[in-house]
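Student: The structure file run21.pdb (PDB, C-alpha atoms and all ligand atoms) is provided below.
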```
ATOM      1  CA  MET L   1    -224.511 229.509 -67.094
ATOM      2  CA  SER L   2    -225.583 232.110 -64.593
ATOM      3  CA  ASN L   3    -224.783 231.721 -60.945
ATOM      4  CA  MET L   4    -227.865 230.182 -59.380
ATOM      5  CA  ILE L   5    -227.346 231.733 -55.929
ATOM      6  CA  LEU L   6    -230.215 234.159 -56.008
ATOM      7  CA  ASP L   7    -230.143 237.728 -54.793
ATOM      8  CA  GLU L   8    -233.168 239.885 -53.953
ATOM      9  CA  ARG L   9    -233.585 241.079 -57.518
ATOM     10  CA  GLN L  10    -233.522 237.610 -58.968
ATOM     11  CA  ARG L  11    -235.997 236.428 -56.348
ATOM     12  CA  ALA L  12    -238.299 239.248 -57.427
ATOM     13  CA  MET L  13    -237.923 238.174 -61.063
ATOM     14  CA  LEU L  14    -238.744 234.618 -60.208
ATOM     15  CA  ALA L  15    -241.767 235.781 -58.256
ATOM     16  CA  GLU L  16    -242.957 237.474 -61.485
ATOM     17  CA  MET L  17    -242.850 234.080 -63.139
ATOM     18  CA  GLY L  18    -244.591 232.462 -60.204
ATOM     19  CA  VAL L  19    -241.486 230.449 -59.390
ATOM     20  CA  ARG L  20    -241.016 229.474 -55.788
ATOM     21  CA  VAL L  21    -237.449 230.077 -54.800
ATOM     22  CA  TRP L  22    -235.943 226.695 -54.419
ATOM     23  CA  MET L  23    -233.959 224.589 -56.784
ATOM     24  CA  PRO L  24    -234.644 220.916 -57.298
ATOM     25  CA  GLU L  25    -232.164 218.511 -55.820
ATOM     26  CA  PRO L  26    -230.189 216.845 -58.607
ATOM     27  CA  ASP L  27    -232.009 213.588 -58.092
ATOM     28  CA  GLU L  28    -235.382 215.321 -58.457
ATOM     29  CA  ALA L  29    -234.661 216.551 -61.918
ATOM     30  CA  PRO L  30    -236.202 214.498 -64.717
ATOM     31  CA  ALA L  31    -233.683 212.579 -66.735
ATOM     32  CA  GLN L  32    -232.141 214.550 -69.530
ATOM     33  CA  GLY L  33    -233.537 213.502 -72.806
ATOM     34  CA  GLU L  34    -236.910 212.600 -71.410
ATOM     35  CA  THR L  35    -239.796 214.381 -72.958
ATOM     36  CA  PRO L  36    -241.592 215.794 -69.938
ATOM     37  CA  PRO L  37    -244.943 214.271 -69.131
ATOM     38  CA  LEU L  38    -247.448 216.176 -71.146
ATOM     39  CA  ALA L  39    -250.804 216.113 -69.505
ATOM     40  CA  ALA L  40    -251.510 216.400 -65.806
ATOM     41  CA  THR L  41    -254.458 214.137 -66.351
ATOM     42  CA  GLY L  42    -252.218 211.227 -67.225
ATOM     43  CA  SER L  43    -254.082 210.920 -70.475
ATOM     44  CA  PRO L  44    -252.330 208.607 -72.888
ATOM     45  CA  VAL L  45    -253.027 211.171 -75.583
ATOM     46  CA  PRO L  46    -250.293 213.796 -75.614
ATOM     47  CA  ALA L  47    -251.575 217.338 -75.565
ATOM     48  CA  ARG L  48    -249.965 219.876 -77.826
ATOM     49  CA  GLN L  49    -247.931 221.917 -75.428
ATOM     50  CA  GLY L  50    -249.117 225.104 -77.022
ATOM     51  CA  GLY L  51    -252.818 224.496 -76.851
ATOM     52  CA  PRO L  52    -255.221 226.253 -74.538
ATOM     53  CA  GLU L  53    -254.053 223.953 -71.883
ATOM     54  CA  THR L  54    -256.773 224.075 -69.319
ATOM     55  CA  ALA L  55    -259.807 225.207 -71.185
ATOM     56  CA  GLU L  56    -260.364 222.432 -73.624
ATOM     57  CA  PRO L  57    -260.048 218.675 -73.677
ATOM     58  CA  VAL L  58    -257.239 217.403 -75.819
ATOM     59  CA  ALA L  59    -258.448 215.921 -79.040
ATOM     60  CA  ARG L  60    -255.348 214.845 -80.833
ATOM     61  CA  ASN L  61    -256.075 213.896 -84.385
ATOM     62  CA  ALA L  62    -259.711 214.745 -83.847
ATOM     63  CA  PRO L  63    -261.153 215.641 -87.197
ATOM     64  CA  SER L  64    -262.163 219.252 -87.585
ATOM     65  CA  ALA L  65    -265.824 220.068 -87.822
ATOM     66  CA  VAL L  66    -265.264 220.549 -91.508
ATOM     67  CA  GLU L  67    -263.516 217.230 -91.954
ATOM     68  CA  SER L  68    -266.281 215.515 -90.031
ATOM     69  CA  MET L  69    -268.844 217.087 -92.260
ATOM     70  CA  VAL L  70    -267.017 216.039 -95.355
ATOM     71  CA  ASN L  71    -266.192 212.545 -94.224
ATOM     72  CA  GLU L  72    -269.262 211.564 -92.340
ATOM     73  CA  ALA L  73    -272.205 213.452 -93.749
ATOM     74  CA  PRO L  74    -274.366 211.126 -95.816
ATOM     75  CA  PRO L  75    -275.678 212.345 -99.118
ATOM     76  CA  VAL L  76    -278.628 214.586 -98.386
ATOM     77  CA  ALA L  77    -281.958 213.817 -99.911
ATOM     78  CA  ILE L  78    -285.313 215.414 -99.205
ATOM     79  CA  ARG L  79    -288.325 213.192 -99.281
ATOM     80  CA  SER L  80    -291.625 214.688-100.213
ATOM     81  CA  SER L  81    -294.510 213.969 -97.890
ATOM     82  CA  ALA L  82    -296.262 212.249-100.802
ATOM     83  CA  PRO L  83    -295.031 208.636-100.500
ATOM     84  CA  ALA L  84    -295.288 207.957-104.211
ATOM     85  CA  GLN L  85    -292.777 210.638-105.177
ATOM     86  CA  ARG L  86    -289.160 209.822-105.726
ATOM     87  CA  PRO L  87    -286.553 211.492-103.485
ATOM     88  CA  VAL L  88    -285.202 214.715-104.866
ATOM     89  CA  PRO L  89    -281.432 214.879-104.565
ATOM     90  CA  VAL L  90    -280.192 218.132-103.100
ATOM     91  CA  PRO L  91    -276.591 219.213-103.651
ATOM     92  CA  VAL L  92    -274.535 219.511-100.484
ATOM     93  CA  VAL L  93    -273.252 223.065-100.168
ATOM     94  CA  MET L  94    -270.516 223.590 -97.592
ATOM     95  CA  PRO L  95    -271.050 226.864 -95.757
ATOM     96  CA  GLY L  96    -268.548 229.710 -95.681
ATOM     97  CA  PRO L  97    -264.836 229.404 -96.280
ATOM     98  CA  ALA L  98    -264.863 225.627 -96.059
ATOM     99  CA  SER L  99    -266.231 225.563 -99.570
ATOM    100  CA  GLU L 100    -263.243 227.536-100.844
ATOM    101  CA  ALA L 101    -260.541 225.495-102.420
ATOM    102  CA  LEU L 102    -257.007 225.245-101.164
ATOM    103  CA  ALA L 103    -254.492 227.240-103.161
ATOM    104  CA  PRO L 104    -250.707 227.243-103.321
ATOM    105  CA  ARG L 105    -248.787 229.555-101.045
ATOM    106  CA  PRO L 106    -247.946 232.795-102.883
ATOM    107  CA  ASP L 107    -244.557 232.994-104.554
ATOM    108  CA  GLY L 108    -241.800 235.207-103.250
ATOM    109  CA  VAL L 109    -242.468 234.932 -99.516
ATOM    110  CA  ASP L 110    -238.723 235.080 -98.921
ATOM    111  CA  THR L 111    -238.502 238.612-100.331
ATOM    112  CA  MET L 112    -241.731 240.084 -98.968
ATOM    113  CA  ASP L 113    -241.839 243.170 -96.782
ATOM    114  CA  TRP L 114    -243.997 243.276 -93.655
ATOM    115  CA  PRO L 115    -247.263 244.422 -95.264
ATOM    116  CA  ALA L 116    -246.968 241.914 -98.106
ATOM    117  CA  LEU L 117    -246.111 239.131 -95.693
ATOM    118  CA  ARG L 118    -249.010 239.981 -93.399
ATOM    119  CA  ASP L 119    -251.387 239.997 -96.378
ATOM    120  CA  ALA L 120    -250.018 236.713 -97.665
ATOM    121  CA  VAL L 121    -250.616 235.054 -94.292
ATOM    122  CA  ALA L 122    -254.093 236.571 -93.954
ATOM    123  CA  GLY L 123    -255.093 235.161 -97.328
ATOM    124  CA  CYS L 124    -253.224 231.872 -97.104
ATOM    125  CA  ARG L 125    -255.168 228.765 -98.135
ATOM    126  CA  ALA L 126    -252.184 226.477 -98.551
ATOM    127  CA  CYS L 127    -253.331 223.850 -96.063
ATOM    128  CA  GLY L 128    -256.569 222.623 -94.569
ATOM    129  CA  LEU L 129    -256.188 224.682 -91.399
ATOM    130  CA  CYS L 130    -257.555 227.688 -93.276
ATOM    131  CA  GLN L 131    -260.931 225.999 -93.348
ATOM    132  CA  GLY L 132    -261.462 226.065 -89.623
ATOM    133  CA  ARG L 133    -259.760 229.302 -88.642
ATOM    134  CA  ARG L 134    -261.502 232.432 -87.487
ATOM    135  CA  ASN L 135    -258.353 234.531 -87.804
ATOM    136  CA  THR L 136    -254.830 233.991 -88.891
ATOM    137  CA  VAL L 137    -252.365 234.697 -86.089
ATOM    138  CA  PHE L 138    -249.467 236.550 -87.633
ATOM    139  CA  GLY L 139    -247.224 237.825 -84.855
ATOM    140  CA  VAL L 140    -246.989 240.689 -82.399
ATOM    141  CA  GLY L 141    -244.411 242.977 -80.874
ATOM    142  CA  ASP L 142    -241.439 245.042 -81.826
ATOM    143  CA  VAL L 143    -240.306 244.294 -85.361
ATOM    144  CA  ASN L 144    -236.876 245.652 -84.438
ATOM    145  CA  ALA L 145    -236.564 243.568 -81.301
ATOM    146  CA  ASP L 146    -233.387 241.813 -80.224
ATOM    147  CA  TRP L 147    -235.471 238.993 -78.798
ATOM    148  CA  MET L 148    -237.836 236.781 -80.685
ATOM    149  CA  VAL L 149    -240.076 234.201 -79.038
ATOM    150  CA  ILE L 150    -241.349 231.375 -81.223
ATOM    151  CA  GLY L 151    -244.249 229.227 -80.098
ATOM    152  CA  GLU L 152    -246.129 226.453 -81.759
ATOM    153  CA  ALA L 153    -249.616 227.244 -82.974
ATOM    154  CA  PRO L 154    -252.602 229.371 -82.029
ATOM    155  CA  GLY L 155    -255.126 228.023 -79.588
ATOM    156  CA  GLU L 156    -258.725 229.030 -79.200
ATOM    157  CA  GLN L 157    -258.130 232.465 -77.688
ATOM    158  CA  GLU L 158    -255.439 233.279 -80.218
ATOM    159  CA  ASP L 159    -257.678 232.180 -83.092
ATOM    160  CA  LEU L 160    -260.441 234.453 -81.777
ATOM    161  CA  ARG L 161    -258.223 237.483 -81.294
ATOM    162  CA  GLY L 162    -255.672 237.024 -84.050
ATOM    163  CA  GLU L 163    -252.780 237.498 -81.617
ATOM    164  CA  PRO L 164    -250.299 234.917 -80.332
ATOM    165  CA  PHE L 165    -250.163 233.886 -76.690
ATOM    166  CA  VAL L 166    -253.200 235.652 -75.298
ATOM    167  CA  GLY L 167    -254.608 232.759 -73.240
ATOM    168  CA  PRO L 168    -253.338 231.515 -69.863
ATOM    169  CA  ALA L 169    -250.047 230.404 -71.387
ATOM    170  CA  GLY L 170    -249.647 233.889 -72.784
ATOM    171  CA  GLN L 171    -250.028 235.400 -69.334
ATOM    172  CA  LEU L 172    -247.239 233.221 -68.050
ATOM    173  CA  LEU L 173    -245.128 234.091 -71.074
ATOM    174  CA  ASP L 174    -245.677 237.796 -70.393
ATOM    175  CA  ASN L 175    -244.548 237.299 -66.791
ATOM    176  CA  MET L 176    -241.494 235.379 -67.914
ATOM    177  CA  LEU L 177    -240.622 238.164 -70.320
ATOM    178  CA  LYS L 178    -241.236 240.816 -67.710
ATOM    179  CA  ALA L 179    -238.857 239.007 -65.383
ATOM    180  CA  ILE L 180    -236.073 239.682 -67.865
ATOM    181  CA  GLY L 181    -237.171 243.214 -68.699
ATOM    182  CA  LEU L 182    -239.040 242.496 -71.921
ATOM    183  CA  SER L 183    -242.519 243.418 -73.038
ATOM    184  CA  ARG L 184    -244.563 242.462 -76.061
ATOM    185  CA  GLN L 185    -245.773 246.034 -76.414
ATOM    186  CA  ALA L 186    -244.501 247.169 -79.777
ATOM    187  CA  GLY L 187    -241.572 249.518 -79.593
ATOM    188  CA  ALA L 188    -240.848 248.335 -76.067
ATOM    189  CA  GLU L 189    -243.007 250.771 -74.168
ATOM    190  CA  ALA L 190    -242.075 251.295 -70.546
ATOM    191  CA  VAL L 191    -242.255 248.243 -68.353
ATOM    192  CA  ALA L 192    -243.470 249.235 -64.900
ATOM    193  CA  ASP L 193    -240.641 247.838 -62.822
ATOM    194  CA  ILE L 194    -237.655 247.272 -64.990
ATOM    195  CA  PRO L 195    -235.097 245.007 -63.342
ATOM    196  CA  THR L 196    -231.798 246.678 -62.657
ATOM    197  CA  GLN L 197    -228.472 245.448 -63.926
ATOM    198  CA  ALA L 198    -225.768 244.080 -61.681
ATOM    199  CA  ASP L 199    -224.243 247.559 -61.382
ATOM    200  CA  GLY L 200    -227.576 248.963 -60.165
ATOM    201  CA  ALA L 201    -228.319 250.930 -63.312
ATOM    202  CA  PRO L 202    -231.847 250.512 -64.640
ATOM    203  CA  ARG L 203    -231.966 248.404 -67.741
ATOM    204  CA  ALA L 204    -233.629 249.861 -70.774
ATOM    205  CA  SER L 205    -236.993 248.314 -71.495
ATOM    206  CA  ARG L 206    -236.779 246.112 -74.548
ATOM    207  CA  GLY L 207    -239.293 244.817 -76.950
ATOM    208  CA  VAL L 208    -239.786 241.303 -78.150
ATOM    209  CA  TYR L 209    -241.385 239.897 -81.256
ATOM    210  CA  ILE L 210    -243.636 236.867 -80.736
ATOM    211  CA  ALA L 211    -244.703 234.480 -83.494
ATOM    212  CA  ASN L 212    -245.757 230.883 -83.938
ATOM    213  CA  VAL L 213    -244.666 228.158 -86.302
ATOM    214  CA  LEU L 214    -248.269 227.779 -87.478
ATOM    215  CA  LYS L 215    -250.395 230.799 -88.252
ATOM    216  CA  CYS L 216    -253.732 228.985 -88.050
ATOM    217  CA  ARG L 217    -255.238 226.997 -85.205
ATOM    218  CA  PRO L 218    -255.216 223.217 -85.581
ATOM    219  CA  PRO L 219    -258.733 221.943 -84.913
ATOM    220  CA  GLY L 220    -259.263 220.895 -81.332
ATOM    221  CA  ASN L 221    -255.651 221.931 -80.649
ATOM    222  CA  ARG L 222    -254.345 218.737 -82.090
ATOM    223  CA  ASN L 223    -250.661 218.514 -82.857
ATOM    224  CA  PRO L 224    -249.445 220.309 -85.955
ATOM    225  CA  GLN L 225    -248.969 217.941 -88.864
ATOM    226  CA  PRO L 226    -245.691 217.892 -90.789
ATOM    227  CA  ALA L 227    -247.393 219.038 -94.016
ATOM    228  CA  GLU L 228    -248.918 222.014 -92.198
ATOM    229  CA  VAL L 229    -245.583 222.959 -90.681
ATOM    230  CA  ALA L 230    -243.944 222.669 -94.107
ATOM    231  CA  GLN L 231    -246.518 224.977 -95.672
ATOM    232  CA  CYS L 232    -246.242 227.584 -92.917
ATOM    233  CA  GLU L 233    -242.504 227.527 -92.239
ATOM    234  CA  PRO L 234    -241.576 230.030 -95.007
ATOM    235  CA  TYR L 235    -243.726 232.685 -93.313
ATOM    236  CA  LEU L 236    -241.884 232.245 -90.039
ATOM    237  CA  ALA L 237    -238.530 232.155 -91.829
ATOM    238  CA  ARG L 238    -239.348 235.497 -93.428
ATOM    239  CA  GLN L 239    -240.449 236.960 -90.094
ATOM    240  CA  VAL L 240    -237.117 235.969 -88.582
ATOM    241  CA  ALA L 241    -235.252 237.432 -91.562
ATOM    242  CA  LEU L 242    -237.155 240.725 -91.240
ATOM    243  CA  VAL L 243    -236.820 241.069 -87.458
ATOM    244  CA  ARG L 244    -233.189 239.923 -87.466
ATOM    245  CA  PRO L 245    -233.264 239.144 -83.727
ATOM    246  CA  ARG L 246    -230.107 238.644 -81.720
ATOM    247  CA  ILE L 247    -231.647 235.698 -79.920
ATOM    248  CA  ILE L 248    -234.540 233.323 -80.439
ATOM    249  CA  LEU L 249    -236.324 231.634 -77.559
ATOM    250  CA  ALA L 250    -237.994 228.529 -78.971
ATOM    251  CA  MET L 251    -240.823 227.322 -76.764
ATOM    252  CA  GLY L 252    -242.245 223.842 -76.886
ATOM    253  CA  ARG L 253    -241.526 220.665 -78.763
ATOM    254  CA  PHE L 254    -243.018 221.589 -82.118
ATOM    255  CA  ALA L 255    -241.371 225.001 -82.250
ATOM    256  CA  VAL L 256    -238.029 223.559 -81.254
ATOM    257  CA  GLN L 257    -238.154 220.552 -83.534
ATOM    258  CA  SER L 258    -239.314 222.503 -86.539
ATOM    259  CA  LEU L 259    -236.744 225.297 -86.111
ATOM    260  CA  LEU L 260    -233.865 222.946 -85.461
ATOM    261  CA  GLN L 261    -234.988 220.209 -87.840
ATOM    262  CA  THR L 262    -234.599 217.534 -85.227
ATOM    263  CA  THR L 263    -236.689 214.972 -83.445
ATOM    264  CA  GLU L 264    -234.676 215.181 -80.239
ATOM    265  CA  PRO L 265    -236.718 215.932 -77.132
ATOM    266  CA  ILE L 266    -236.435 219.290 -75.434
ATOM    267  CA  GLY L 267    -234.726 217.751 -72.420
ATOM    268  CA  ARG L 268    -231.729 216.898 -74.606
ATOM    269  CA  LEU L 269    -231.672 220.219 -76.427
ATOM    270  CA  ARG L 270    -231.823 222.506 -73.387
ATOM    271  CA  GLY L 271    -228.680 224.088 -72.031
ATOM    272  CA  ARG L 272    -227.024 224.497 -75.419
ATOM    273  CA  VAL L 273    -227.050 227.289 -77.950
ATOM    274  CA  HIS L 274    -228.405 226.256 -81.342
ATOM    275  CA  ARG L 275    -228.714 228.294 -84.549
ATOM    276  CA  TYR L 276    -231.509 229.184 -86.936
ATOM    277  CA  GLN L 277    -230.612 231.401 -89.891
ATOM    278  CA  GLY L 278    -227.379 232.064 -87.996
ATOM    279  CA  VAL L 279    -229.309 233.440 -84.994
ATOM    280  CA  PRO L 280    -228.615 231.838 -81.588
ATOM    281  CA  VAL L 281    -231.540 229.731 -80.411
ATOM    282  CA  VAL L 282    -232.194 228.768 -76.797
ATOM    283  CA  VAL L 283    -234.877 226.157 -76.276
ATOM    284  CA  THR L 284    -237.205 225.894 -73.354
ATOM    285  CA  TYR L 285    -240.468 224.404 -72.243
ATOM    286  CA  HIS L 286    -243.721 225.785 -73.509
ATOM    287  CA  PRO L 287    -245.568 228.001 -71.023
ATOM    288  CA  ALA L 288    -248.622 225.763 -71.373
ATOM    289  CA  TYR L 289    -246.493 222.822 -70.246
ATOM    290  CA  LEU L 290    -245.149 224.896 -67.367
ATOM    291  CA  LEU L 291    -248.684 225.643 -66.217
ATOM    292  CA  ARG L 292    -249.208 221.910 -65.827
ATOM    293  CA  ASN L 293    -245.775 221.216 -64.396
ATOM    294  CA  LEU L 294    -245.069 224.072 -62.019
ATOM    295  CA  PRO L 295    -241.731 222.799 -60.631
ATOM    296  CA  ASP L 296    -240.263 222.958 -64.137
ATOM    297  CA  LYS L 297    -240.589 226.745 -64.075
ATOM    298  CA  ALA L 298    -237.228 226.700 -62.324
ATOM    299  CA  LYS L 299    -235.739 225.046 -65.398
ATOM    300  CA  ALA L 300    -237.360 227.596 -67.661
ATOM    301  CA  TRP L 301    -235.719 230.263 -65.536
ATOM    302  CA  VAL L 302    -232.360 228.578 -66.091
ATOM    303  CA  ASP L 303    -233.074 228.658 -69.840
ATOM    304  CA  LEU L 304    -233.898 232.369 -69.669
ATOM    305  CA  CYS L 305    -230.634 232.945 -67.813
ATOM    306  CA  LEU L 306    -228.784 231.136 -70.594
ATOM    307  CA  ALA L 307    -230.492 233.338 -73.172
ATOM    308  CA  MET L 308    -229.553 236.455 -71.203
ATOM    309  CA  ASP L 309    -225.959 235.246 -71.017
ATOM    310  CA  VAL L 310    -225.917 234.740 -74.773
ATOM    311  CA  MET L 311    -227.204 238.272 -75.253
ATOM    312  CA  ARG L 312    -224.622 239.703 -72.891
ATOM    313  CA  GLN L 313    -221.814 237.870 -74.581
ATOM    314  CA  GLY L 314    -223.130 238.647 -78.052
ATOM    315  CA  ALA L 315    -222.754 235.023 -79.126
TER     316      ALA L 315
HETATM  317  N1  LIG L 401    -249.413 228.258 -77.729
HETATM  318  C1  LIG L 401    -248.570 228.641 -78.702
HETATM  319  O1  LIG L 401    -247.594 227.970 -78.978
HETATM  320  N2  LIG L 401    -248.827 229.766 -79.333
HETATM  321  C2  LIG L 401    -249.864 230.545 -79.049
HETATM  322  O2  LIG L 401    -250.016 231.580 -79.669
HETATM  323  C3  LIG L 401    -250.725 230.132 -78.019
HETATM  324  C4  LIG L 401    -250.484 228.977 -77.372
END
```
Turn this file's structure into structure tokens for me.
Tutor:
Amino acid sequence: MSNMILDERQRAMLAEMGVRVWMPEPDEAPAQGETPPLAATGSPVPARQGGPETAEPVARNAPSAVESMVNEAPPVAIRSSAPAQRPVPVPVVMPGPASEALAPRPDGVDTMDWPALRDAVAGCRACGLCQGRRNTVFGVGDVNADWMVIGEAPGEQEDLRGEPFVGPAGQLLDNMLKAIGLSRQAGAEAVADIPTQADGAPRASRGVYIANVLKCRPPGNRNPQPAEVAQCEPYLARQVALVRPRIILAMGRFAVQSLLQTTEPIGRLRGRVHRYQGVPVVVTYHPAYLLRNLPDKAKAWVDLCLAMDVMRQGA
């Protein structure tokens, strides 16, 4: 683990992340193994850590508009104004894509190249999330990156723009990445103020590839369901195989648990190096969670330091 006595450069990095430079006393730290409290509101309903955290109320398990229409809409009948006439039944026609049937995921995802994979995701109708999406959210960044960040699922902004992590959580993620010299700009275009290495030499700007476990937004930002994760996981697996990163930063409970096939809470999984497809995985809190729990940014910084150590050591 990196030395936590901070020099000027590290303080500047932490400032990028919005971290105030102090470390919690040992007795302030939440117990290892505890899932951090999820919602600042104290709501008994856990918010998906990856949702648009501040903009929308959490509606876990809320049915999508489509589901509501299907489940709750009574049969439609038009009555003529003439009382003696019998009601004329009118077929219910679901508008737009909701009327399109689900279809199996295409075969051969595990051998697809980038264009084929992108097309397969764009046309995927393997689970009900396709019925409420405005865009699929494939991934963004440098496809040759050493670093890969894996989040949970698109929120509202991501669904609108078709790009992962573009809402408030995305801004924090970008600052976290910038603090360690990374940028989502494809091909790792110049980062304005690249942190220097210990020997004072400027560090080369590096790209990062960012993707989610789910490629479609769960309605109302409810938690991903296991069947949805199972349908989508092959796409992510192929993205990892194509990027071949040297390190994966898994952010948030659903990303972590689905990559590592575990139900252990993040608090118990932090501070260790895990593996996915043989690639080292460091787990950390989701930026959306960090926005609600600002003191835990210091822990996320510790996790980033661990990831940097792994990269340095080539674990
Ligand atoms: N949360 C995620 O996990 N992914 C996104 O793309 C946005 C929010």
Student: Would you mind reading off the distance between atom C4 of ligand LIG 401 (chain L) and atom CA of L:Gly155, one decimal, in Å?
Tutor: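 Those two atoms sit 5.2 Å apart.
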Student: For L:Leu290, which residue out of L:Met251, L:Ile180, L:Gly207, L:Trp147 is the nearest one, using all atoms listed in the file?
Tutor: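 Checking each candidate against L:Leu290, we get L:Met251 as the closest.
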Student: So which residues are near ligand LIG 401 (chain L), meaning at most 10 Å away with all atoms listed in the file counted, given back as a VMD selection string?
Tutor: chain L and resid 48 to 53 137 to 140 149 to 159 162 to 170 173 210 to 217 221 250 to 255 286 to 289
Student: Would you put the residues from that selection into a file with C-alpha atoms, as a tab-separated table (two decimals), in the frame of the given file?
Tutor:
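What follows is the written file again06.tsv:
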```tsv
chain	number	residue	atom	x	y	z
L	48	ARG	CA	-249.96	219.88	-77.83
L	49	GLN	CA	-247.93	221.92	-75.43
L	50	GLY	CA	-249.12	225.10	-77.02
L	51	GLY	CA	-252.82	224.50	-76.85
L	52	PRO	CA	-255.22	226.25	-74.54
L	53	GLU	CA	-254.05	223.95	-71.88
L	137	VAL	CA	-252.36	234.70	-86.09
L	138	PHE	CA	-249.47	236.55	-87.63
L	139	GLY	CA	-247.22	237.82	-84.86
L	140	VAL	CA	-246.99	240.69	-82.40
L	149	VAL	CA	-240.08	234.20	-79.04
L	150	ILE	CA	-241.35	231.38	-81.22
L	151	GLY	CA	-244.25	229.23	-80.10
L	152	GLU	CA	-246.13	226.45	-81.76
L	153	ALA	CA	-249.62	227.24	-82.97
L	154	PRO	CA	-252.60	229.37	-82.03
L	155	GLY	CA	-255.13	228.02	-79.59
L	156	GLU	CA	-258.73	229.03	-79.20
L	157	GLN	CA	-258.13	232.46	-77.69
L	158	GLU	CA	-255.44	233.28	-80.22
L	159	ASP	CA	-257.68	232.18	-83.09
L	162	GLY	CA	-255.67	237.02	-84.05
L	163	GLU	CA	-252.78	237.50	-81.62
L	164	PRO	CA	-250.30	234.92	-80.33
L	165	PHE	CA	-250.16	233.89	-76.69
L	166	VAL	CA	-253.20	235.65	-75.30
L	167	GLY	CA	-254.61	232.76	-73.24
L	168	PRO	CA	-253.34	231.52	-69.86
L	169	ALA	CA	-250.05	230.40	-71.39
L	170	GLY	CA	-249.65	233.89	-72.78
L	173	LEU	CA	-245.13	234.09	-71.07
L	210	ILE	CA	-243.64	236.87	-80.74
L	211	ALA	CA	-244.70	234.48	-83.49
L	212	ASN	CA	-245.76	230.88	-83.94
L	213	VAL	CA	-244.67	228.16	-86.30
L	214	LEU	CA	-248.27	227.78	-87.48
L	215	LYS	CA	-250.40	230.80	-88.25
L	216	CYS	CA	-253.73	228.98	-88.05
L	217	ARG	CA	-255.24	227.00	-85.20
L	221	ASN	CA	-255.65	221.93	-80.65
L	250	ALA	CA	-237.99	228.53	-78.97
L	251	MET	CA	-240.82	227.32	-76.76
L	252	GLY	CA	-242.24	223.84	-76.89
L	253	ARG	CA	-241.53	220.66	-78.76
L	254	PHE	CA	-243.02	221.59	-82.12
L	255	ALA	CA	-241.37	225.00	-82.25
L	286	HIS	CA	-243.72	225.78	-73.51
L	287	PRO	CA	-245.57	228.00	-71.02
L	288	ALA	CA	-248.62	225.76	-71.37
L	289	TYR	CA	-246.49	222.82	-70.25
```
Student: What does the distance between atom CA of L:Thr111 and atom CA of L:Ala227 come to in Å, to one decimal place?
Tutor: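 Separation of atom CA of L:Thr111 and atom CA of L:Ala227: 22.4 Å.
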Student: So which one's closest to L:Ala230, L:Cys127, L:Met17, L:Ala103, L:Leu172? Using all atoms listed in the file, please.
Tutor: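 Going through L:Cys127, L:Met17, L:Ala103, L:Leu172 one by one, the smallest distance to L:Ala230 is for L:Cys127.
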Student: Which distance in Å separates atom CA of L:Val273 and atom CA of L:Asn293, to one decimal?
Tutor: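 That distance, rounded to one decimal, is 23.9 Å.
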Student: Mind checking which residues fall within 9 Å of L:Leu160, counting only C-alpha atoms, ignoring those fewer than 6 positions away in the same chain, and posting them as a list in words?
Tutor: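 With the cut-off at 9 Å, the set is Arg133, Arg134 and Asn135 of chain L.
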Student: Any chance you could work out the residue set of the PyMOL selection byres (((chain L and resi 121) around 9) and not hetatm) here, as a PyMOL selection string?
Tutor: chain L and resi 105+116-120+122-125+136-138+215+232+235
Student: On this file, the PyMOL selection byres (((chain L and resi 244) around 8) and not hetatm) gives some set of residues; write that set as a VMD selection string.
Tutor: chain L and resid 144 to 146 240 to 243 245 to 246 279
Student: With distances taken over all atoms listed in the file, which residue among L:Pro265, L:Pro295, L:Lys178, L:Leu260 lies nearest L:Gly278?
Tutor: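 Of the candidates, the smallest distance to L:Gly278 is held by L:Leu260.
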Student: Which residue is closest to L:Trp114? Choose from L:Arg161, L:Arg292, L:Arg238, L:Arg206 and count only C-alpha atoms.
Tutor: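 Result for the nearest residue to L:Trp114: L:Arg238.
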Student: Would you pick out the contacts of L:Val282 at 10 Å or less, using all atoms listed in the file, so that residues sharing its chain but fewer than 5 positions from it are not included, and give the list as a PDB file with C-alpha atoms, in the coordinates of the input?
Tutor:
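Listed below is the output, around-v4.pdb:
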```
ATOM      1  CA  VAL L 149    -240.076 234.201 -79.038  1.00  0.00           C
ATOM      2  CA  ILE L 247    -231.647 235.698 -79.920  1.00  0.00           C
ATOM      3  CA  ILE L 248    -234.540 233.323 -80.439  1.00  0.00           C
ATOM      4  CA  LEU L 249    -236.324 231.634 -77.559  1.00  0.00           C
ATOM      5  CA  ALA L 250    -237.994 228.529 -78.971  1.00  0.00           C
ATOM      6  CA  MET L 251    -240.823 227.322 -76.764  1.00  0.00           C
ATOM      7  CA  VAL L 256    -238.029 223.559 -81.254  1.00  0.00           C
ATOM      8  CA  LEU L 269    -231.672 220.219 -76.427  1.00  0.00           C
ATOM      9  CA  ARG L 270    -231.823 222.506 -73.387  1.00  0.00           C
ATOM     10  CA  GLY L 271    -228.680 224.088 -72.031  1.00  0.00           C
ATOM     11  CA  ARG L 272    -227.024 224.497 -75.419  1.00  0.00           C
ATOM     12  CA  VAL L 273    -227.050 227.289 -77.950  1.00  0.00           C
ATOM     13  CA  HIS L 274    -228.405 226.256 -81.342  1.00  0.00           C
ATOM     14  CA  ARG L 275    -228.714 228.294 -84.549  1.00  0.00           C
ATOM     15  CA  ASP L 303    -233.074 228.658 -69.840  1.00  0.00           C
ATOM     16  CA  LEU L 304    -233.898 232.369 -69.669  1.00  0.00           C
ATOM     17  CA  LEU L 306    -228.784 231.136 -70.594  1.00  0.00           C
ATOM     18  CA  ALA L 307    -230.492 233.338 -73.172  1.00  0.00           C
ATOM     19  CA  MET L 308    -229.553 236.455 -71.203  1.00  0.00           C
ATOM     20  CA  VAL L 310    -225.917 234.740 -74.773  1.00  0.00           C
TER      21      VAL L 310
END
```
